[in-house]
Each structure stands twice: as structure tokens, then as C-alpha cells.
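Written below as C-alpha cells is the structure these notes are about.
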Amino acid sequence: MPLVAMKPLLAAAEAKKYAVGAFNCNNMEIIQAIINAAEAEHAPVIIQASQGAIKYAGLEYIVALTRIAAEQASVPVALHLDHGTSFEQCQQCVEKGFTSVMIDGSKHSLEDNIALTKKVLAVARPAGVSVEGELGKLTGTEDDIYVSEKESMYTDPKEAKYFVEQTQVDALAIAIGTAHGQYKGEPKLDLERLSEIVKLVNVPIVLHGSSGVPDEAILEAIERGVRKVNIDTNIREHFMGALSDALKANPHELDPRKVLGPARAGATEIIREKIRLFSRGKL
């Protein structure tokens, strides 16, 4: 089926109280792994492209590969820009065929973040493209975006209410204790803050930096209102782990298909596990 917008996927998740998995892609094999996992679990899915993925593969390749994958799939698939850095980039993604974009204005003041988000909404809405905004910053590194612990801050519930009222975004990413990349210790989520935010806003909540968060914490966050869960690092770990194992088993292998095939299978399995966790049998 054709690529779909993110908004109806999250609305369906809200109706049944589960979360949609949003998985970052970097190459053809990972896109295939995401689709294979979604098909196997009969689940809607969001394929995300980060700044690093765009630099590596290019917008045109990402759109073309994802569009082909979606057209051959029997489940709904959205293509989402993860952590869009500017209005110009979001506009380009809308024009190229993305069905959802995130504008990350969290580094700006609240009012500047609102203004930037509204500017993106003005070009996305007429094209039927969903928009995710962000309040608060996550520590860690995701491709070229780095936020230190000193710079990180949790999302203020009252600011979240004001931000959503002013922008009417389709989804809101918040900071409640998750981080990008690999965790040094076990993350502690501020779930009470999450509950307060959910009470005050009327749009789906997004949890970034979810790789490495204990399953119990993810389930509790979904129970309290999270409707989109982002996964990147876990996919890379399993992809590269399987690739490394294949090369160790045959260090003189010259056929890339012989090592990328197992890597794709490794990524597929972890994505299936995450989809089952997020859906909690409600699909």
C-alpha cells in the first residue's frame, strides 16, 4: 500500500492504548528488516531517517526504498524525518515524499520553538504530512546531534500544554530521562512527569532514546500514554553483531550478501521483539 501519514497510526494506537514502533533506517537491509518485522507481527510501522542516514544514503534513495517496501507490504507504513534541524530540511522532506516530519526546535527558546514549528506546519499540513514537535532535550549523541548532561532538561508539563495549544502539532516528543545512544547505567524515567504531561495535552506523546530502557519501564510509559517509541541503537547493535559473527565464521568471505543477509535477520528479530512489546497483544 502507499506510504501513509503518521497521525492516523498514532490515533489508532491511542484508541487501543498501545504504541507504534518507530525504527531508524540506515541502508536497504535495515529498511527490509523493519518491513519484514512489521509484516510478521501484522503491525503498523514508522520508518525514520536521521541526519546520519540522510547524509549516508540521500533523501531520494531513502524515499525510493521505503516507498517500494511500503507498496509491497500489507501493513501501514509511514516515512518520518527524525530530528529535523531546520525549516528548509523539513520542507525538502515534504517535497520529496516523506509522510511525517519532526522539527526539533528544543535548542531554541519556547517562543522561537513554537514559531519554527508553526512554520513547518504551514507547509506540511496542506500536503497531508504529519508533524512532530519536541520540548526538552535528551542527553547523548544521535549521529551529528550531541547534548551534554549539563545541557539536558526535562520537559515542563505547563510548557508542553502551552506549546501544543499554540502549535497543534500531531505528536509531541518529551524528555523524561531517556537518552540517545548506549546507556552507561540503567535509565530512570520520570513517569509522574509523563502522566502530568498526558493530562495537560491532547496529542500523542513520543519517547525518544528508548534503546536500553528496561521493558517494564517502556510498558509503564505506554500505560501512561506514550504512543510512539523510537528505536535506533538496538537495531544497530543486533545488525552489527550478526554481521560480525558472520565475518568471524568466514573471515575470507567475499560475497557481501553472505554477511548482510544474517545482519538483516538479526535486525528483523530485535524489531519484532520491540513491536510485540509496544503492541502488548492489542493489534
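Order determines the names: the first chain of the C-alpha cells is A, the second B, and so forth; residues in each chain are numbered 1 upward, and ligands are numbered 1 upward as they are shown.
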Which polymer residues have any atom within 8 Å of an atom of Asp215 in chain A, counting only C-alpha atoms, with same-chain residues fewer than 3 positions away left out, as a count of residues only?
3
DSSP on the backbone: which residues in range 7-119 of chain A end up as alpha helix (DSSP H)? Give the answer as an MDAnalysis selection string.
chainID A and resid 7:16 28:41 51:57 59:71 87:96 110:119
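Every protein, DNA or RNA residue with an atom at most 10 Å from Gln91 in chain A, where only C-alpha atoms count and chain neighbours fewer than 5 positions away do not, is listed here: Gly84, Ser86, Lys96, Phe98, Val101, Lys119, Val120, Leu121, Ala122, Val123 and Ala124 of chain A.
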Would you return as JSON, numbers by chain the members of range 7-113 of chain A that DSSP assigns to strand (DSSP E or B) on this structure's backbone?
{"A": [20, 21, 22, 23, 24, 45, 46, 47, 48, 49, 77, 78, 79, 80, 81, 82, 83, 84, 100, 101, 102, 103]}
One decimal, Å: what's the distance from CA of Ser50 in chain A over to CA of Ala13 in chain A, could you say?
23.4 Å
Taking only residues of range 227-272 of chain A that have an atom at most 12 Å from an atom of range 194-204 of chain A, what is each one's shortest atom pair and its distance in Å to one decimal, using only C-alpha atoms, in chain and number order, as JSON lines?
{"residue": "A:Arg227", "atom": "CA", "partner": "A:Pro204", "partner_atom": "CA", "distance": 5.6}
{"residue": "A:Lys228", "atom": "CA", "partner": "A:Pro204", "partner_atom": "CA", "distance": 7.5}
{"residue": "A:Val229", "atom": "CA", "partner": "A:Pro204", "partner_atom": "CA", "distance": 10.8}
Residue subset to file, keeping N, CA and C atoms, as a PDB file, in the first residue's frame:
ATOM      1  N   ARG A 227       2.623   6.909  22.827  1.00  0.00           N
ATOM      2  CA  ARG A 227       2.021   6.262  21.661  1.00  0.00           C
ATOM      3  C   ARG A 227       3.000   6.051  20.507  1.00  0.00           C
ATOM      4  N   LYS A 228       4.211   6.557  20.627  1.00  0.00           N
ATOM      5  CA  LYS A 228       5.259   6.318  19.623  1.00  0.00           C
ATOM      6  C   LYS A 228       6.565   6.116  20.374  1.00  0.00           C
ATOM      7  N   VAL A 229       7.251   5.005  20.076  1.00  0.00           N
ATOM      8  CA  VAL A 229       8.502   4.690  20.753  1.00  0.00           C
ATOM      9  C   VAL A 229       9.604   4.555  19.708  1.00  0.00           C
TER      10      VAL A 229
END
Which polymer residues have any atom within 10 Å of an atom of Ile103 in chain A, counting only C-alpha atoms, with same-chain residues fewer than 5 positions away left out, as a PDB file with N, CA and C atoms, in the first residue's frame?
ATOM      1  N   LEU A  81      10.861  11.941   9.144  1.00  0.00           N
ATOM      2  CA  LEU A  81      12.137  12.611   9.366  1.00  0.00           C
ATOM      3  C   LEU A  81      12.375  12.707  10.866  1.00  0.00           C
ATOM      4  N   ASP A  82      13.467  12.140  11.337  1.00  0.00           N
ATOM      5  CA  ASP A  82      13.791  12.150  12.762  1.00  0.00           C
ATOM      6  C   ASP A  82      14.728  13.313  13.068  1.00  0.00           C
ATOM      7  N   HIS A  83      14.345  14.146  14.026  1.00  0.00           N
ATOM      8  CA  HIS A  83      15.155  15.298  14.446  1.00  0.00           C
ATOM      9  C   HIS A  83      15.525  16.212  13.291  1.00  0.00           C
ATOM     10  N   GLY A  84      14.507  16.689  12.585  1.00  0.00           N
ATOM     11  CA  GLY A  84      14.744  17.681  11.555  1.00  0.00           C
ATOM     12  C   GLY A  84      15.385  18.914  12.168  1.00  0.00           C
ATOM     13  N   THR A  85      16.408  19.427  11.502  1.00  0.00           N
ATOM     14  CA  THR A  85      17.196  20.508  12.101  1.00  0.00           C
ATOM     15  C   THR A  85      16.794  21.906  11.652  1.00  0.00           C
ATOM     16  N   SER A  86      15.988  21.993  10.590  1.00  0.00           N
ATOM     17  CA  SER A  86      15.641  23.313  10.071  1.00  0.00           C
ATOM     18  C   SER A  86      14.330  23.259   9.305  1.00  0.00           C
ATOM     19  N   PHE A  87      13.751  24.425   9.096  1.00  0.00           N
ATOM     20  CA  PHE A  87      12.549  24.521   8.273  1.00  0.00           C
ATOM     21  C   PHE A  87      12.846  24.034   6.857  1.00  0.00           C
ATOM     22  N   GLN A  89      15.017  21.861   5.746  1.00  0.00           N
ATOM     23  CA  GLN A  89      15.114  20.406   5.637  1.00  0.00           C
ATOM     24  C   GLN A  89      13.734  19.753   5.703  1.00  0.00           C
ATOM     25  N   CYS A  90      12.888  20.227   6.597  1.00  0.00           N
ATOM     26  CA  CYS A  90      11.533  19.686   6.696  1.00  0.00           C
ATOM     27  C   CYS A  90      10.757  19.921   5.405  1.00  0.00           C
ATOM     28  N   ASN A 113      10.781  28.148  19.402  1.00  0.00           N
ATOM     29  CA  ASN A 113      10.431  26.767  19.061  1.00  0.00           C
ATOM     30  C   ASN A 113       9.014  26.715  18.494  1.00  0.00           C
ATOM     31  N   LEU A 116       8.992  28.263  14.929  1.00  0.00           N
ATOM     32  CA  LEU A 116       9.602  27.365  13.949  1.00  0.00           C
ATOM     33  C   LEU A 116       8.671  26.191  13.639  1.00  0.00           C
ATOM     34  N   THR A 117       8.064  25.642  14.672  1.00  0.00           N
ATOM     35  CA  THR A 117       7.157  24.509  14.487  1.00  0.00           C
ATOM     36  C   THR A 117       5.938  24.911  13.662  1.00  0.00           C
ATOM     37  N   LYS A 118       5.402  26.081  13.917  1.00  0.00           N
ATOM     38  CA  LYS A 118       4.243  26.565  13.160  1.00  0.00           C
ATOM     39  C   LYS A 118       4.606  26.809  11.694  1.00  0.00           C
ATOM     40  N   LYS A 119       5.829  27.235  11.452  1.00  0.00           N
ATOM     41  CA  LYS A 119       6.287  27.461  10.077  1.00  0.00           C
ATOM     42  C   LYS A 119       6.330  26.136   9.320  1.00  0.00           C
ATOM     43  N   VAL A 120       6.815  25.076   9.987  1.00  0.00           N
ATOM     44  CA  VAL A 120       6.850  23.750   9.368  1.00  0.00           C
ATOM     45  C   VAL A 120       5.432  23.239   9.138  1.00  0.00           C
ATOM     46  N   LEU A 121       4.559  23.426  10.108  1.00  0.00           N
ATOM     47  CA  LEU A 121       3.165  23.001   9.979  1.00  0.00           C
ATOM     48  C   LEU A 121       2.493  23.652   8.773  1.00  0.00           C
ATOM     49  N   VAL A 131       3.285  16.209  11.640  1.00  0.00           N
ATOM     50  CA  VAL A 131       4.400  16.957  12.232  1.00  0.00           C
ATOM     51  C   VAL A 131       4.546  16.597  13.706  1.00  0.00           C
ATOM     52  N   GLU A 132       5.769  16.258  14.085  1.00  0.00           N
ATOM     53  CA  GLU A 132       6.127  16.004  15.484  1.00  0.00           C
ATOM     54  C   GLU A 132       7.003  17.143  15.972  1.00  0.00           C
ATOM     55  N   GLY A 133       6.673  17.678  17.137  1.00  0.00           N
ATOM     56  CA  GLY A 133       7.491  18.710  17.756  1.00  0.00           C
ATOM     57  C   GLY A 133       8.208  18.149  18.960  1.00  0.00           C
ATOM     58  N   GLU A 134       9.103  18.949  19.548  1.00  0.00           N
ATOM     59  CA  GLU A 134       9.831  18.473  20.726  1.00  0.00           C
ATOM     60  C   GLU A 134      10.007  19.589  21.742  1.00  0.00           C
TER      61      GLU A 134
END
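Going from CA of Lys248 in chain A to CA of Glu29 in chain A covers 20.0 Å.
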Could you name the residues that touch Thr155 in chain A at 10 Å or less, counting only C-alpha atoms, but leaving out those on the same chain fewer than 3 positions away, as an MDAnalysis selection string?
chainID A and resid 106 134:138 152 158:160 173:177 193:194 197
So, counting only C-alpha atoms, which residue among A:Ala70, A:Tyr162, A:Pro262, A:Met1 is closest to Ala249 in chain A?
A:Pro262
Give the answer as one residue: which of A:Glu60, A:Asp156, A:Glu111, A:Glu95 has the shortest atom-to-atom distance to Pro126 in chain A, using only C-alpha atoms?
A:Glu95
For CA of Leu254 in chain A and CA of Ile35 in chain A, determine how far apart the two atoms are, in Å to one decimal place.
27.0 Å
Near Glu71 in chain A, counting only C-alpha atoms, which residues have an atom at most 12 Å away, once you skip same-chain residues fewer than 5 positions from it, shown as a list in words?
Met1, Pro2, Leu3, Val4, Ile35, Val63, Ala64, Leu65, Thr66, Pro76, Val77 and Ala78 of chain A
File dump, residues just selected, all heavy atoms, as a short mmCIF file (atom, residue, chain, number, x, y, z; two decimals), in the first residue's frame:
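Wrote it out as selection.cif, contents follow:
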data_model
loop_
_atom_site.label_atom_id
_atom_site.label_comp_id
_atom_site.auth_asym_id
_atom_site.auth_seq_id
_atom_site.Cartn_x
_atom_site.Cartn_y
_atom_site.Cartn_z
N MET A 1 0.84 -1.20 0.00
CA MET A 1 0.00 0.00 0.00
C MET A 1 0.88 1.25 0.00
O MET A 1 2.05 1.16 0.39
CB MET A 1 -0.93 -0.01 1.22
CG MET A 1 -0.24 0.00 2.57
SD MET A 1 -1.40 0.09 3.96
CE MET A 1 -2.25 -1.48 3.79
N PRO A 2 0.35 2.40 -0.43
CA PRO A 2 1.15 3.63 -0.43
C PRO A 2 1.55 4.04 0.98
O PRO A 2 0.92 3.63 1.97
CB PRO A 2 0.19 4.67 -1.04
CG PRO A 2 -0.87 3.87 -1.73
CD PRO A 2 -1.01 2.60 -0.97
N LEU A 3 2.61 4.83 1.07
CA LEU A 3 3.01 5.37 2.37
C LEU A 3 1.86 6.18 2.98
O LEU A 3 1.12 6.86 2.25
CB LEU A 3 4.23 6.26 2.21
CG LEU A 3 5.56 5.57 1.93
CD1 LEU A 3 6.61 6.57 1.47
CD2 LEU A 3 6.04 4.84 3.17
N VAL A 4 1.71 6.11 4.29
CA VAL A 4 0.64 6.82 4.97
C VAL A 4 1.23 7.83 5.94
O VAL A 4 2.41 7.76 6.31
CB VAL A 4 -0.28 5.83 5.73
CG1 VAL A 4 -0.89 4.82 4.78
CG2 VAL A 4 0.48 5.13 6.85
N ILE A 35 10.40 -3.69 7.57
CA ILE A 35 9.19 -4.15 6.88
C ILE A 35 8.93 -5.63 7.18
O ILE A 35 7.79 -6.03 7.44
CB ILE A 35 9.32 -3.92 5.36
CG1 ILE A 35 9.34 -2.41 5.05
CG2 ILE A 35 8.17 -4.59 4.63
CD1 ILE A 35 8.06 -1.67 5.40
N VAL A 63 13.62 7.67 0.28
CA VAL A 63 12.22 7.73 -0.14
C VAL A 63 11.90 6.59 -1.10
O VAL A 63 10.88 5.90 -0.96
CB VAL A 63 11.89 9.09 -0.78
CG1 VAL A 63 10.48 9.07 -1.38
CG2 VAL A 63 12.00 10.21 0.25
N ALA A 64 12.76 6.37 -2.08
CA ALA A 64 12.50 5.34 -3.08
C ALA A 64 12.47 3.94 -2.47
O ALA A 64 11.56 3.15 -2.75
CB ALA A 64 13.57 5.40 -4.18
N LEU A 65 13.44 3.63 -1.62
CA LEU A 65 13.49 2.32 -0.98
C LEU A 65 12.29 2.09 -0.08
O LEU A 65 11.67 1.02 -0.08
CB LEU A 65 14.79 2.19 -0.18
CG LEU A 65 16.08 2.00 -0.97
CD1 LEU A 65 17.29 2.19 -0.07
CD2 LEU A 65 16.12 0.63 -1.62
N THR A 66 11.94 3.11 0.71
CA THR A 66 10.82 2.97 1.63
C THR A 66 9.50 2.88 0.88
O THR A 66 8.60 2.11 1.26
CB THR A 66 10.78 4.14 2.63
OG1 THR A 66 12.06 4.24 3.28
CG2 THR A 66 9.72 3.92 3.70
N PRO A 76 0.31 -0.78 7.25
CA PRO A 76 0.55 0.65 7.03
C PRO A 76 1.98 1.04 7.39
O PRO A 76 2.51 0.63 8.43
CB PRO A 76 -0.46 1.34 7.96
CG PRO A 76 -1.45 0.29 8.31
CD PRO A 76 -0.72 -1.01 8.29
N VAL A 77 2.60 1.84 6.52
CA VAL A 77 3.98 2.28 6.73
C VAL A 77 4.06 3.79 6.55
O VAL A 77 3.58 4.33 5.54
CB VAL A 77 4.95 1.61 5.73
CG1 VAL A 77 6.39 2.08 5.98
CG2 VAL A 77 4.86 0.09 5.83
N ALA A 78 4.65 4.48 7.52
CA ALA A 78 4.89 5.92 7.41
C ALA A 78 6.39 6.16 7.30
O ALA A 78 7.19 5.41 7.87
CB ALA A 78 4.34 6.65 8.63
#
Residue with smallest distance to Arg276 in chain A - pool A:Leu10, A:Ile34, A:Ala15, A:Ala43, counting only C-alpha atoms:
A:Ala43
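Nearest residue to Gly261 in chain A, choosing from A:Asn234, A:Ser279, A:Ser100, A:Ser244 and counting only C-alpha atoms: A:Ser244.
Distances to Ala33 in chain A were evaluated for A:Lys17, A:Arg264, A:Lys107, A:Arg280 using only C-alpha atoms, and the minimum falls at A:Arg264.
Residue nearest Val226 in chain A within the list A:Val206, A:Val213, A:Val259, A:Ala73: A:Val206 [criterion: smallest interatomic distance, only C-alpha atoms].
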Close residues, Asn27 in chain A itself excluded, 9 Å, only C-alpha atoms, min 6 positions apart in chain, as a CSV table (one decimal) with all heavy atoms, in the first residue's frame:
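Written output follows (part-v4.csv):
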chain,number,residue,atom,x,y,z
A,53,ALA,N,21.6,9.1,8.5
A,53,ALA,CA,21.0,8.3,7.4
A,53,ALA,C,20.9,9.1,6.1
A,53,ALA,O,21.2,8.7,5.0
A,53,ALA,CB,19.7,7.7,7.8
A,56,TYR,N,24.2,9.7,4.6
A,56,TYR,CA,24.8,8.4,4.1
A,56,TYR,C,24.1,8.0,2.8
A,56,TYR,O,24.8,7.7,1.8
A,56,TYR,CB,24.7,7.3,5.1
A,56,TYR,CG,25.2,6.0,4.7
A,56,TYR,CD1,26.6,5.7,4.5
A,56,TYR,CD2,24.3,5.0,4.3
A,56,TYR,CE1,27.0,4.5,4.1
A,56,TYR,CE2,24.8,3.7,3.9
A,56,TYR,CZ,26.1,3.5,3.8
A,56,TYR,OH,26.6,2.3,3.3
A,57,ALA,N,22.8,7.9,2.8
A,57,ALA,CA,22.0,7.3,1.7
A,57,ALA,C,21.5,8.4,0.8
A,57,ALA,O,21.3,8.1,-0.4
A,57,ALA,CB,20.9,6.4,2.2
A,62,ILE,N,16.4,7.0,0.2
A,62,ILE,CA,15.6,6.7,1.4
A,62,ILE,C,14.1,6.6,1.0
A,62,ILE,O,13.4,5.7,1.3
A,62,ILE,CB,15.8,7.6,2.5
A,62,ILE,CG1,17.2,7.4,3.1
A,62,ILE,CG2,14.7,7.4,3.6
A,62,ILE,CD1,17.6,8.4,4.1
A,65,LEU,N,13.4,3.6,-1.6
A,65,LEU,CA,13.5,2.3,-1.0
A,65,LEU,C,12.3,2.1,-0.1
A,65,LEU,O,11.7,1.0,-0.1
A,65,LEU,CB,14.8,2.2,-0.2
A,65,LEU,CG,16.1,2.0,-1.0
A,65,LEU,CD1,17.3,2.2,-0.1
A,65,LEU,CD2,16.1,0.6,-1.6
